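Student: Next comes the structure file final-v3.csv, holding CSV, C-alpha atoms.
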chain,number,residue,atom,x,y,z
A,1,MET,CA,-21.5,3.9,-20.7
A,2,THR,CA,-18.4,4.5,-18.6
A,3,THR,CA,-15.3,2.3,-18.4
A,4,ARG,CA,-14.4,1.3,-14.8
A,5,ALA,CA,-11.4,-0.4,-13.4
A,6,VAL,CA,-12.9,-3.2,-11.3
A,7,VAL,CA,-11.2,-5.5,-8.9
A,8,ARG,CA,-11.1,-9.1,-10.2
A,9,GLY,CA,-8.6,-10.6,-7.7
A,10,VAL,CA,-6.6,-9.9,-4.6
A,11,GLY,CA,-3.7,-11.6,-3.0
A,12,HIS,CA,-0.8,-11.2,-0.6
A,13,TYR,CA,2.5,-12.7,0.6
A,14,LEU,CA,4.2,-12.4,4.0
A,15,PRO,CA,7.7,-13.5,4.8
A,16,ARG,CA,8.1,-16.6,6.8
A,17,ARG,CA,9.9,-15.0,9.7
A,18,ILE,CA,7.6,-13.3,12.3
A,19,VAL,CA,9.4,-10.9,14.7
A,20,GLU,CA,7.6,-10.1,18.0
A,21,ASN,CA,8.2,-6.8,19.8
A,22,THR,CA,10.0,-8.6,22.5
A,23,GLU,CA,12.9,-9.5,20.1
A,24,PHE,CA,14.0,-5.8,20.1
A,25,GLU,CA,14.3,-5.7,23.9
A,26,ALA,CA,17.7,-7.5,23.7
A,27,THR,CA,19.3,-4.9,21.5
A,28,LEU,CA,17.4,-1.6,22.0
A,29,ASP,CA,16.2,0.5,24.9
A,30,THR,CA,12.6,-0.4,24.3
A,31,THR,CA,9.8,-2.7,25.4
A,32,ASP,CA,6.9,-4.5,24.0
A,33,GLU,CA,4.6,-2.1,25.9
A,34,TRP,CA,6.4,1.0,24.6
A,35,ILE,CA,6.1,-0.1,21.0
A,36,ARG,CA,2.4,-1.1,21.3
A,37,SER,CA,1.4,2.1,23.1
A,38,ARG,CA,3.0,4.4,20.5
A,39,SER,CA,2.2,2.5,17.3
A,40,GLY,CA,-0.2,-0.4,17.9
A,41,ILE,CA,2.3,-2.8,16.4
A,42,GLU,CA,2.7,-6.2,18.1
A,43,ARG,CA,4.7,-8.1,15.5
A,44,ARG,CA,6.0,-7.8,11.9
A,45,HIS,CA,7.5,-10.1,9.2
A,46,PHE,CA,11.1,-9.8,8.0
A,47,ALA,CA,12.2,-11.3,4.7
A,48,ASP,CA,15.1,-13.7,4.4
A,49,LYS,CA,17.7,-13.5,1.6
A,50,THR,CA,15.5,-15.6,-0.8
A,51,GLU,CA,12.4,-13.4,-0.2
A,52,THR,CA,13.3,-10.4,-2.3
A,53,THR,CA,10.9,-7.6,-3.1
A,54,ALA,CA,10.2,-8.9,-6.6
A,55,ILE,CA,9.8,-12.5,-5.4
A,56,MET,CA,7.3,-11.5,-2.8
A,57,ALA,CA,5.5,-9.3,-5.3
A,58,ALA,CA,5.2,-12.2,-7.8
A,59,ASN,CA,3.8,-14.5,-5.0
A,60,ALA,CA,1.1,-12.0,-4.2
A,61,ALA,CA,0.3,-11.6,-7.9
A,62,ARG,CA,0.0,-15.3,-8.3
A,63,ASN,CA,-2.6,-15.4,-5.5
A,64,ALA,CA,-4.6,-12.6,-7.1
A,65,LEU,CA,-4.5,-14.4,-10.5
A,66,GLU,CA,-5.7,-17.6,-8.8
A,67,MET,CA,-8.6,-15.8,-7.2
A,68,ALA,CA,-9.5,-14.3,-10.6
A,69,GLY,CA,-9.1,-17.6,-12.5
A,70,LEU,CA,-6.7,-16.0,-15.0
A,71,GLU,CA,-3.3,-16.7,-16.5
A,72,PRO,CA,-0.3,-14.2,-16.5
A,73,ASP,CA,-0.5,-13.7,-20.2
A,74,SER,CA,-4.1,-12.3,-19.8
A,75,LEU,CA,-2.5,-9.3,-18.2
A,76,ASP,CA,-1.7,-6.2,-20.2
A,77,ALA,CA,0.4,-4.5,-17.6
A,78,ILE,CA,2.1,-4.8,-14.2
A,79,ILE,CA,2.7,-1.8,-11.9
A,80,VAL,CA,4.8,-2.4,-8.8
A,81,ALA,CA,4.7,0.3,-6.1
A,82,THR,CA,8.0,0.0,-4.1
A,83,SER,CA,10.8,2.0,-2.5
A,84,THR,CA,12.9,-1.0,-2.0
A,85,ALA,CA,13.4,-2.5,-5.4
A,86,ASP,CA,16.0,-5.3,-5.6
A,87,LEU,CA,18.2,-3.3,-8.0
A,88,THR,CA,18.5,0.3,-9.0
A,89,PHE,CA,17.4,-0.9,-12.4
A,90,PRO,CA,15.7,-2.7,-14.1
A,91,SER,CA,12.4,-2.2,-12.4
A,92,ALA,CA,11.0,-4.7,-9.9
A,93,ALA,CA,8.0,-5.0,-12.2
A,94,THR,CA,9.9,-6.4,-15.1
A,95,THR,CA,11.4,-9.0,-12.7
A,96,VAL,CA,7.8,-9.9,-11.6
A,97,GLN,CA,6.8,-10.1,-15.3
A,98,ALA,CA,9.6,-12.7,-15.8
A,99,GLU,CA,8.8,-14.6,-12.6
A,100,LEU,CA,5.1,-15.0,-13.6
A,101,GLY,CA,6.1,-16.1,-17.1
A,102,MET,CA,4.2,-13.2,-18.7
A,103,THR,CA,5.4,-12.9,-22.3
A,104,ARG,CA,3.4,-9.8,-23.4
A,105,GLY,CA,2.4,-6.4,-22.3
A,106,PHE,CA,4.6,-4.0,-20.2
A,107,ALA,CA,5.7,-3.4,-16.6
A,108,PHE,CA,7.0,-0.5,-14.6
A,109,ASP,CA,7.6,0.7,-11.0
A,110,VAL,CA,6.0,3.6,-9.1
A,111,GLN,CA,7.9,5.2,-6.3
A,112,ALA,CA,5.9,7.3,-3.9
A,113,VAL,CA,7.0,5.6,-0.7
A,114,CYS,CA,4.1,4.7,1.6
A,115,ALA,CA,1.7,6.4,-0.7
A,116,GLY,CA,3.0,4.3,-3.6
A,117,PHE,CA,0.1,1.9,-3.9
A,118,VAL,CA,-2.5,4.8,-4.1
A,119,PHE,CA,-0.3,6.4,-6.9
A,120,ALA,CA,0.0,3.0,-8.7
A,121,LEU,CA,-3.8,2.4,-8.5
A,122,THR,CA,-4.4,5.9,-10.0
A,123,ASN,CA,-2.0,5.1,-12.8
A,124,ALA,CA,-3.6,1.7,-13.4
A,125,ASN,CA,-7.1,3.3,-13.5
A,126,ALA,CA,-5.9,5.9,-16.1
A,127,LEU,CA,-4.5,3.1,-18.3
A,128,ILE,CA,-7.8,1.2,-18.2
A,129,VAL,CA,-10.1,4.2,-18.6
A,130,SER,CA,-8.0,5.5,-21.5
A,131,GLY,CA,-8.2,2.1,-23.2
A,132,GLN,CA,-4.4,1.5,-23.2
A,133,ALA,CA,-4.9,-1.6,-21.0
A,134,ARG,CA,-7.7,-3.9,-20.1
A,135,ARG,CA,-6.2,-5.9,-17.3
A,136,VAL,CA,-3.5,-4.4,-14.9
A,137,MET,CA,-1.9,-6.1,-11.9
A,138,VAL,CA,-1.1,-3.5,-9.3
A,139,ILE,CA,1.3,-4.6,-6.6
A,140,GLY,CA,2.8,-3.0,-3.4
A,141,ALA,CA,5.9,-4.8,-2.2
A,142,GLU,CA,8.6,-3.8,0.3
A,143,THR,CA,11.6,-5.1,2.1
A,144,PHE,CA,12.1,-2.2,4.5
A,145,SER,CA,14.1,-4.4,6.9
A,146,ARG,CA,17.0,-3.9,4.5
A,147,ILE,CA,17.1,-0.1,5.0
A,148,MET,CA,16.7,0.1,8.7
A,149,ASP,CA,19.2,1.6,11.2
A,150,TRP,CA,19.0,-1.0,13.9
A,151,THR,CA,20.3,1.4,16.5
A,152,ASP,CA,17.4,3.8,16.0
A,153,ARG,CA,14.5,2.6,18.2
A,154,GLY,CA,12.2,5.4,16.8
A,155,THR,CA,12.2,3.8,13.3
A,156,CYS,CA,13.4,0.2,13.2
A,157,VAL,CA,10.6,-1.2,15.4
A,158,LEU,CA,7.9,0.3,13.1
A,159,PHE,CA,8.5,-1.3,9.8
A,160,GLY,CA,7.9,-4.7,8.2
A,161,ASP,CA,8.2,-6.6,4.9
A,162,GLY,CA,5.5,-8.0,2.6
A,163,ALA,CA,3.5,-7.7,-0.6
A,164,GLY,CA,-0.1,-7.3,-1.7
A,165,ALA,CA,-1.7,-7.3,-5.2
A,166,LEU,CA,-4.9,-6.2,-6.8
A,167,LEU,CA,-5.9,-7.3,-10.3
A,168,LEU,CA,-8.0,-4.7,-12.1
A,169,GLU,CA,-10.0,-5.3,-15.2
A,170,ALA,CA,-12.0,-2.9,-17.5
A,171,GLU,CA,-15.8,-3.2,-17.1
A,172,GLU,CA,-18.5,-1.1,-18.4
A,173,GLY,CA,-20.5,0.9,-15.8
A,174,THR,CA,-23.3,3.4,-15.8
A,175,GLY,CA,-21.2,6.4,-14.9
A,176,THR,CA,-22.8,6.7,-11.4
A,177,SER,CA,-21.4,6.1,-8.0
A,178,ARG,CA,-23.2,2.8,-7.9
A,179,ASP,CA,-20.7,1.3,-10.3
A,180,ARG,CA,-18.2,-1.2,-9.2
A,181,GLY,CA,-14.5,-0.3,-9.5
A,182,ILE,CA,-12.5,2.8,-9.0
A,183,LEU,CA,-14.8,5.8,-8.8
A,184,ALA,CA,-12.4,8.7,-7.9
A,185,THR,CA,-8.8,9.4,-6.9
A,186,ASP,CA,-6.8,12.3,-5.4
A,187,LEU,CA,-3.1,12.7,-5.4
A,188,ASN,CA,-0.9,15.3,-3.7
A,189,SER,CA,2.8,16.0,-2.9
A,190,ASP,CA,4.8,18.7,-1.2
A,191,GLY,CA,8.6,18.4,-1.8
A,192,SER,CA,9.4,21.2,0.7
A,193,LEU,CA,8.6,18.5,3.4
A,194,ARG,CA,11.0,15.9,2.0
A,195,ASP,CA,13.3,16.1,5.0
A,196,LEU,CA,10.6,14.7,7.3
A,197,LEU,CA,11.0,11.2,5.9
A,198,TYR,CA,13.8,10.0,3.6
A,199,VAL,CA,16.6,7.5,3.1
A,200,ASP,CA,20.1,9.0,3.4
A,201,GLY,CA,21.6,7.1,0.5
A,202,GLY,CA,21.4,6.7,-3.3
A,203,SER,CA,23.3,7.7,-6.4
A,204,SER,CA,24.5,10.9,-4.8
A,205,THR,CA,26.2,9.1,-1.9
A,206,GLY,CA,27.0,5.7,-3.5
A,207,THR,CA,25.4,4.0,-0.6
A,208,THR,CA,22.1,2.3,0.1
A,209,GLY,CA,21.5,4.5,3.1
A,210,TYR,CA,19.1,4.2,6.0
A,211,LEU,CA,15.6,5.4,6.7
A,212,ARG,CA,15.4,8.7,8.6
A,213,MET,CA,12.2,10.1,10.0
A,214,GLN,CA,11.0,13.0,12.1
A,215,GLY,CA,8.1,11.0,13.6
A,216,ASN,CA,6.3,13.8,15.4
A,217,GLN,CA,6.3,16.0,12.4
A,218,VAL,CA,5.0,13.2,10.1
A,219,PHE,CA,2.3,12.4,12.5
A,220,ARG,CA,1.3,16.1,12.7
A,221,HIS,CA,0.8,16.2,8.9
A,222,ALA,CA,-0.7,12.7,8.5
A,223,VAL,CA,-4.1,12.9,10.1
A,224,GLU,CA,-5.0,16.3,8.5
A,225,LYS,CA,-3.8,15.4,5.1
A,226,LEU,CA,-5.2,11.9,5.0
A,227,ALA,CA,-8.7,13.1,6.1
A,228,ALA,CA,-8.6,15.9,3.5
A,229,THR,CA,-7.6,13.7,0.6
A,230,ALA,CA,-10.2,11.1,1.5
A,231,THR,CA,-12.9,13.8,1.6
A,232,THR,CA,-11.7,15.2,-1.7
A,233,ALA,CA,-11.8,11.8,-3.4
A,234,LEU,CA,-15.3,11.1,-2.0
A,235,GLU,CA,-16.5,14.5,-3.2
A,236,ARG,CA,-15.2,13.7,-6.7
A,237,ALA,CA,-17.2,10.5,-6.7
A,238,GLY,CA,-20.3,12.4,-5.5
A,239,LEU,CA,-20.3,10.7,-2.2
A,240,THR,CA,-19.7,11.5,1.5
A,241,ALA,CA,-18.2,9.7,4.5
A,242,ALA,CA,-21.7,8.5,5.4
A,243,ASP,CA,-21.7,6.4,2.3
A,244,VAL,CA,-18.5,4.5,3.2
A,245,ASP,CA,-18.6,0.9,4.2
A,246,TRP,CA,-14.9,0.4,4.9
A,247,VAL,CA,-11.8,2.6,5.2
A,248,VAL,CA,-8.7,0.5,4.3
A,249,PRO,CA,-5.9,2.9,5.3
A,250,HIS,CA,-2.1,2.8,5.1
A,251,GLN,CA,-1.1,0.8,8.1
A,252,ALA,CA,1.5,3.0,9.7
A,253,ASN,CA,0.4,3.7,13.2
A,254,ILE,CA,-2.8,3.0,15.1
A,255,ARG,CA,-3.0,6.5,16.4
A,256,ILE,CA,-2.9,7.9,12.8
A,257,ILE,CA,-5.6,5.4,11.8
A,258,GLN,CA,-7.8,6.3,14.7
A,259,GLY,CA,-7.3,10.1,14.3
A,260,THR,CA,-8.1,10.0,10.6
A,261,ALA,CA,-11.3,7.9,11.2
A,262,LYS,CA,-12.4,10.3,13.9
A,263,LYS,CA,-11.8,13.3,11.6
A,264,LEU,CA,-13.9,11.6,8.9
A,265,GLY,CA,-16.6,11.0,11.4
A,266,LEU,CA,-16.4,7.2,11.0
A,267,PRO,CA,-16.3,4.5,13.8
A,268,MET,CA,-13.3,2.2,14.0
A,269,GLU,CA,-15.7,-0.7,13.3
A,270,LYS,CA,-15.6,0.5,9.7
A,271,VAL,CA,-11.8,0.4,9.5
A,272,VAL,CA,-9.8,-2.6,8.4
A,273,VAL,CA,-6.8,-2.7,10.8
A,274,THR,CA,-3.7,-5.0,10.3
A,275,VAL,CA,-1.0,-2.8,11.7
A,276,GLN,CA,-0.7,-5.0,14.8
A,277,ASP,CA,0.4,-8.0,12.8
A,278,HIS,CA,2.4,-6.4,9.9
A,279,GLY,CA,3.8,-3.1,11.2
A,280,ASN,CA,4.3,-0.4,8.5
A,281,THR,CA,4.9,-2.2,5.2
A,282,SER,CA,4.9,1.1,3.3
A,283,ALA,CA,3.5,0.6,-0.3
A,284,ALA,CA,2.5,-2.9,0.5
A,285,SER,CA,0.3,-2.0,3.5
A,286,ILE,CA,-3.0,-1.1,1.7
A,287,PRO,CA,-3.1,-4.2,-0.7
A,288,LEU,CA,-2.0,-6.4,2.2
A,289,ALA,CA,-4.9,-5.0,4.3
A,290,LEU,CA,-7.3,-5.4,1.4
A,291,SER,CA,-6.3,-9.0,0.9
A,292,VAL,CA,-6.5,-9.8,4.6
A,293,GLY,CA,-9.8,-8.0,4.9
A,294,HIS,CA,-11.2,-10.0,2.0
A,295,ALA,CA,-9.9,-13.2,3.6
A,296,ARG,CA,-11.5,-12.3,6.9
A,297,GLY,CA,-14.9,-11.8,5.1
A,298,GLN,CA,-15.0,-8.1,6.0
A,299,LEU,CA,-15.2,-6.9,2.3
A,300,SER,CA,-18.3,-7.8,0.3
A,301,LYS,CA,-19.2,-7.2,-3.3
A,302,GLY,CA,-20.6,-3.7,-3.7
A,303,ASP,CA,-19.0,-2.3,-0.6
A,304,LEU,CA,-17.8,1.3,-0.9
A,305,ILE,CA,-14.1,1.5,0.2
A,306,VAL,CA,-11.8,4.4,0.8
A,307,THR,CA,-8.0,3.8,0.8
A,308,GLU,CA,-5.6,6.6,1.8
A,309,ALA,CA,-1.9,6.9,2.5
A,310,ILE,CA,0.9,9.3,3.2
A,311,GLY,CA,4.6,8.8,2.8
A,312,GLY,CA,8.0,10.4,2.1
A,313,GLY,CA,8.0,13.3,-0.3
A,314,LEU,CA,5.7,14.2,1.4
A,315,ALA,CA,3.3,12.4,-1.0
A,316,TRP,CA,-0.3,11.5,-0.1
A,317,GLY,CA,-3.6,10.5,-1.7
A,318,ALA,CA,-6.8,8.5,-1.7
A,319,VAL,CA,-8.8,6.2,-3.9
A,320,VAL,CA,-12.5,5.6,-3.7
A,321,LEU,CA,-13.6,2.2,-5.1
A,322,ARG,CA,-16.6,-0.1,-5.0
A,323,TRP,CA,-15.6,-3.7,-4.3
Have the structure of the file written as structure tokens, please.

Tutor:
Amino acid sequence: MTTRAVVRGVGHYLPRRIVENTEFEATLDTTDEWIRSRSGIERRHFADKTETTAIMAANAARNALEMAGLEPDSLDAIIVATSTADLTFPSAATTVQAELGMTRGFAFDVQAVCAGFVFALTNANALIVSGQARRVMVIGAETFSRIMDWTDRGTCVLFGDGAGALLLEAEEGTGTSRDRGILATDLNSDGSLRDLLYVDGGSSTGTTGYLRMQGNQVFRHAVEKLAATATTALERAGLTAADVDWVVPHQANIRIIQGTAKKLGLPMEKVVVTVQDHGNTSAASIPLALSVGHARGQLSKGDLIVTEAIGGGLAWGAVVLRW
């Protein structure tokens, strides 16, 4: 028998404020058509002062717990993927632990920018497969609106805030690709490309800083690397793109999503797309899309799903799981 990390619950939280593309026309040299044509984004959500990264993460986790019919103290661990934690320390995950009223186990953050949720899922899978944890809440949560340069039309119109959560539980499988749960993962990074996407603040500057991105260069790397990591993860699971029921990608840009699907040889009808409503929510985008896809009725028990993401670092990776 083989231990698998199986999805028991999924949930998400979106800030109350919805920002349409047209709002940017008053302050930037941009239009709704310009934003849509280059990114596929139509609107996004921005958090208010009460909607912190940890609060949104806790709300998403509560929804996943409710779906699973479980209490917070049934969890062994919480992993939060975020680049916008409320404080330098302690971790957002420990704040979530307290918000949920979880009095046992452990909690920590993972920081791999937009690829953070894939890295967090891989860590959660390792904890479960190794026997160190039985139930792990994996959350992606971001408040990117707080690190935007509102004079830079090339970045500030692309990002949004939100949180998504997946509750994983150990379950015995047969060791074949027909098992439910995480079947394979693939992680990568290349620090020589760090200047393509970064925030120009931190302990070295004593400032929070703003997001900076060389969009054309990131796009050039994205499609090739995302298709390659998805293919590698599928091969590790003994599967091919022909076996995939759904791709649930990082929701950064519709052209990247379309290009990756084409490179994998998959039709867009097999891709869960939410970028038009959420913008790029970084580490939150994959769990948000999984939760929304589940709520729409797109994802069914037994479906084979590939998730893939790329972010600052550059860091990228993929997870193959059976729903």

Student: Write out as a tab-separated table the residues of stretch 250-287 of chain A that have any atom within 7 Å of an atom of stretch 112-127 of chain A, one row each with the nearest atom pair and its distance in Å to one decimal, counting all atoms listed in the file, sorted by chain and then rising number.

Tutor:
residue	atom	partner	partner_atom	distance
A:Ser282	CA	A:Cys114	CA	4.1
A:Ala283	CA	A:Cys114	CA	4.6
A:Ala284	CA	A:Phe117	CA	6.9

Student: Using all atoms listed in the file, can you tell me which of A:Thr155, A:Thr260, A:Gln251, A:Thr207 comes closest to A:Leu290?

Tutor: A:Gln251

Student: Taking into account all atoms listed in the file, which residue in the set A:Gly181, A:Gly191, A:Gly40, A:Gly209 is nearest to A:Ile256?

Tutor: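 Selected residue with least distance to A:Ile256: A:Gly40.
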
Student: Quick one, how far is atom CA of A:Leu196 from atom CA of A:Ala163?

Tutor: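 Separation of atom CA of A:Leu196 and atom CA of A:Ala163: 24.8 Å.
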
Student: Excluding stretch 95-102 of chain A and residues on its chain fewer than 5 positions from it, collect all residues at most 8 Å away from it, counting all atoms listed in the file, and give them as a PDB file with C-alpha atoms, in the frame of the given file.

Tutor:
ATOM      1  CA  ALA A  54      10.200  -8.900  -6.600  1.00  0.00           C
ATOM      2  CA  ILE A  55       9.800 -12.500  -5.400  1.00  0.00           C
ATOM      3  CA  ALA A  57       5.500  -9.300  -5.300  1.00  0.00           C
ATOM      4  CA  ALA A  58       5.200 -12.200  -7.800  1.00  0.00           C
ATOM      5  CA  ARG A  62       0.000 -15.300  -8.300  1.00  0.00           C
ATOM      6  CA  PRO A  72      -0.300 -14.200 -16.500  1.00  0.00           C
ATOM      7  CA  ASP A  73      -0.500 -13.700 -20.200  1.00  0.00           C
ATOM      8  CA  LEU A  75      -2.500  -9.300 -18.200  1.00  0.00           C
ATOM      9  CA  ILE A  78       2.100  -4.800 -14.200  1.00  0.00           C
ATOM     10  CA  PRO A  90      15.700  -2.700 -14.100  1.00  0.00           C
ATOM     11  CA  ALA A 107       5.700  -3.400 -16.600  1.00  0.00           C
TER      12      ALA A 107
END

Student: Which of these, A:Ile147, A:Ala60, A:Leu14, A:Ala77, has the shortest distance to A:Gly201 once you count all atoms listed in the file?

Tutor: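 Smallest distance to A:Gly201 is found for A:Ile147.
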
Student: Tell me which protein, DNA and RNA residues are within 8 Å of A:Thr274, counting all atoms listed in the file, leaving out same-chain ones fewer than 4 positions away, and put them as a ChimeraX atom specification.

Tutor: /A:251,278-279,289,292

Student: If you count all atoms listed in the file, which residues fall within 12 Å of A:Glu42, apart from same-chain ones fewer than 3 positions away, as a PyMOL selection string?

Tutor: chain A and resi 18-24+31-39+45+157-160+253-254+274-280

Student: Env of A:Ala230: 8 Å cut, atoms = only C-alpha atoms, seq-sep filter 5 positions within chain, self excluded. Answer as a PyMOL selection string.

Tutor: chain A and resi 186+306-308+317-320

Student: To one decimal place in Å, what is the distance between atom CA of A:Thr2 and atom CA of A:Arg180?

Tutor: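 If I compute the distance from atom CA of A:Thr2 to atom CA of A:Arg180, I get 11.0 Å.
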
Student: Between atom CA of A:Ser74 and atom CA of A:Val129, what distance in Å does the model show, to one decimal?

Tutor: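 Spanning atom CA of A:Ser74 to atom CA of A:Val129 is a straight-line distance of 17.6 Å.
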
Student: Which residue gives the smallest distance to A:Ile139 among A:Thr52, A:Ser300, A:Ile286, A:Tyr210, with all atoms listed in the file counted?

Tutor: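 Of all the options, A:Ile286 lies closest to A:Ile139.
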
Student: Can you pull out the residues contacting A:Arg135? Cut-off 6 Å, using only C-alpha atoms, and skip same-chain residues under 3 positions away; I want them as a ChimeraX atom specification.

Tutor: /A:75-76,168-169

Student: From the list A:Asp195, A:Trp323, A:Ala237, A:Thr229, which residue is nearest A:Leu264 when using all atoms listed in the file?

Tutor: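 The answer is A:Thr229, which sits nearest to A:Leu264.
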
Student: Rank A:Glu142, A:Glu172, A:Glu71, A:Glu51 by their smallest atom-to-atom distance to A:Arg4, using all atoms listed in the file, and report the top residue only.

Tutor: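 Looking only at the distances to A:Arg4, the closest residue turns out to be A:Glu172.
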
Student: Could you pull out every residue with an atom within 6 Å of (15.7, 9.0, 8.1), file coordinates, counting all atoms listed in the file, and send them as a list in words?

Tutor: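 Nearby residues: Leu197, Tyr198, Val199, Leu211, Arg212 and Met213 of chain A.
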
Student: Some atoms are absent from stretch 281-293 of chain A, so rebuild N, CA and C atoms and return them as a PDB file, in the frame of the given file.

Tutor:
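Result saved to part-v6.pdb:
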ATOM      1  N   THR A 281       4.305  -1.600   6.385  1.00  0.00           N
ATOM      2  CA  THR A 281       4.900  -2.200   5.200  1.00  0.00           C
ATOM      3  C   THR A 281       4.896  -1.273   4.008  1.00  0.00           C
ATOM      4  N   SER A 282       4.804   0.025   4.299  1.00  0.00           N
ATOM      5  CA  SER A 282       4.900   1.100   3.300  1.00  0.00           C
ATOM      6  C   SER A 282       3.919   0.808   2.132  1.00  0.00           C
ATOM      7  N   ALA A 283       4.398   0.766   0.892  1.00  0.00           N
ATOM      8  CA  ALA A 283       3.500   0.600  -0.300  1.00  0.00           C
ATOM      9  C   ALA A 283       2.723  -0.676  -0.266  1.00  0.00           C
ATOM     10  N   ALA A 284       3.186  -1.653   0.503  1.00  0.00           N
ATOM     11  CA  ALA A 284       2.500  -2.900   0.500  1.00  0.00           C
ATOM     12  C   ALA A 284       1.306  -2.943   1.501  1.00  0.00           C
ATOM     13  N   SER A 285       1.199  -1.926   2.374  1.00  0.00           N
ATOM     14  CA  SER A 285       0.300  -2.000   3.500  1.00  0.00           C
ATOM     15  C   SER A 285      -1.208  -2.018   3.060  1.00  0.00           C
ATOM     16  N   ILE A 286      -1.566  -1.184   2.073  1.00  0.00           N
ATOM     17  CA  ILE A 286      -3.000  -1.100   1.700  1.00  0.00           C
ATOM     18  C   ILE A 286      -3.386  -2.422   0.934  1.00  0.00           C
ATOM     19  N   PRO A 287      -2.621  -2.902  -0.065  1.00  0.00           N
ATOM     20  CA  PRO A 287      -3.100  -4.200  -0.700  1.00  0.00           C
ATOM     21  C   PRO A 287      -3.012  -5.349   0.254  1.00  0.00           C
ATOM     22  N   LEU A 288      -2.057  -5.349   1.199  1.00  0.00           N
ATOM     23  CA  LEU A 288      -2.000  -6.400   2.200  1.00  0.00           C
ATOM     24  C   LEU A 288      -3.330  -6.347   3.046  1.00  0.00           C
ATOM     25  N   ALA A 289      -3.713  -5.141   3.467  1.00  0.00           N
ATOM     26  CA  ALA A 289      -4.900  -5.000   4.300  1.00  0.00           C
ATOM     27  C   ALA A 289      -6.175  -5.352   3.478  1.00  0.00           C
ATOM     28  N   LEU A 290      -6.207  -4.999   2.195  1.00  0.00           N
ATOM     29  CA  LEU A 290      -7.300  -5.400   1.400  1.00  0.00           C
ATOM     30  C   LEU A 290      -7.453  -6.889   1.237  1.00  0.00           C
ATOM     31  N   SER A 291      -6.312  -7.547   1.029  1.00  0.00           N
ATOM     32  CA  SER A 291      -6.300  -9.000   0.900  1.00  0.00           C
ATOM     33  C   SER A 291      -6.708  -9.692   2.186  1.00  0.00           C
ATOM     34  N   VAL A 292      -6.144  -9.225   3.301  1.00  0.00           N
ATOM     35  CA  VAL A 292      -6.500  -9.800   4.600  1.00  0.00           C
ATOM     36  C   VAL A 292      -7.940  -9.526   4.938  1.00  0.00           C
ATOM     37  N   GLY A 293      -8.403  -8.299   4.667  1.00  0.00           N
ATOM     38  CA  GLY A 293      -9.800  -8.000   4.900  1.00  0.00           C
ATOM     39  C   GLY A 293     -10.747  -8.824   4.106  1.00  0.00           C
TER      40      GLY A 293
END
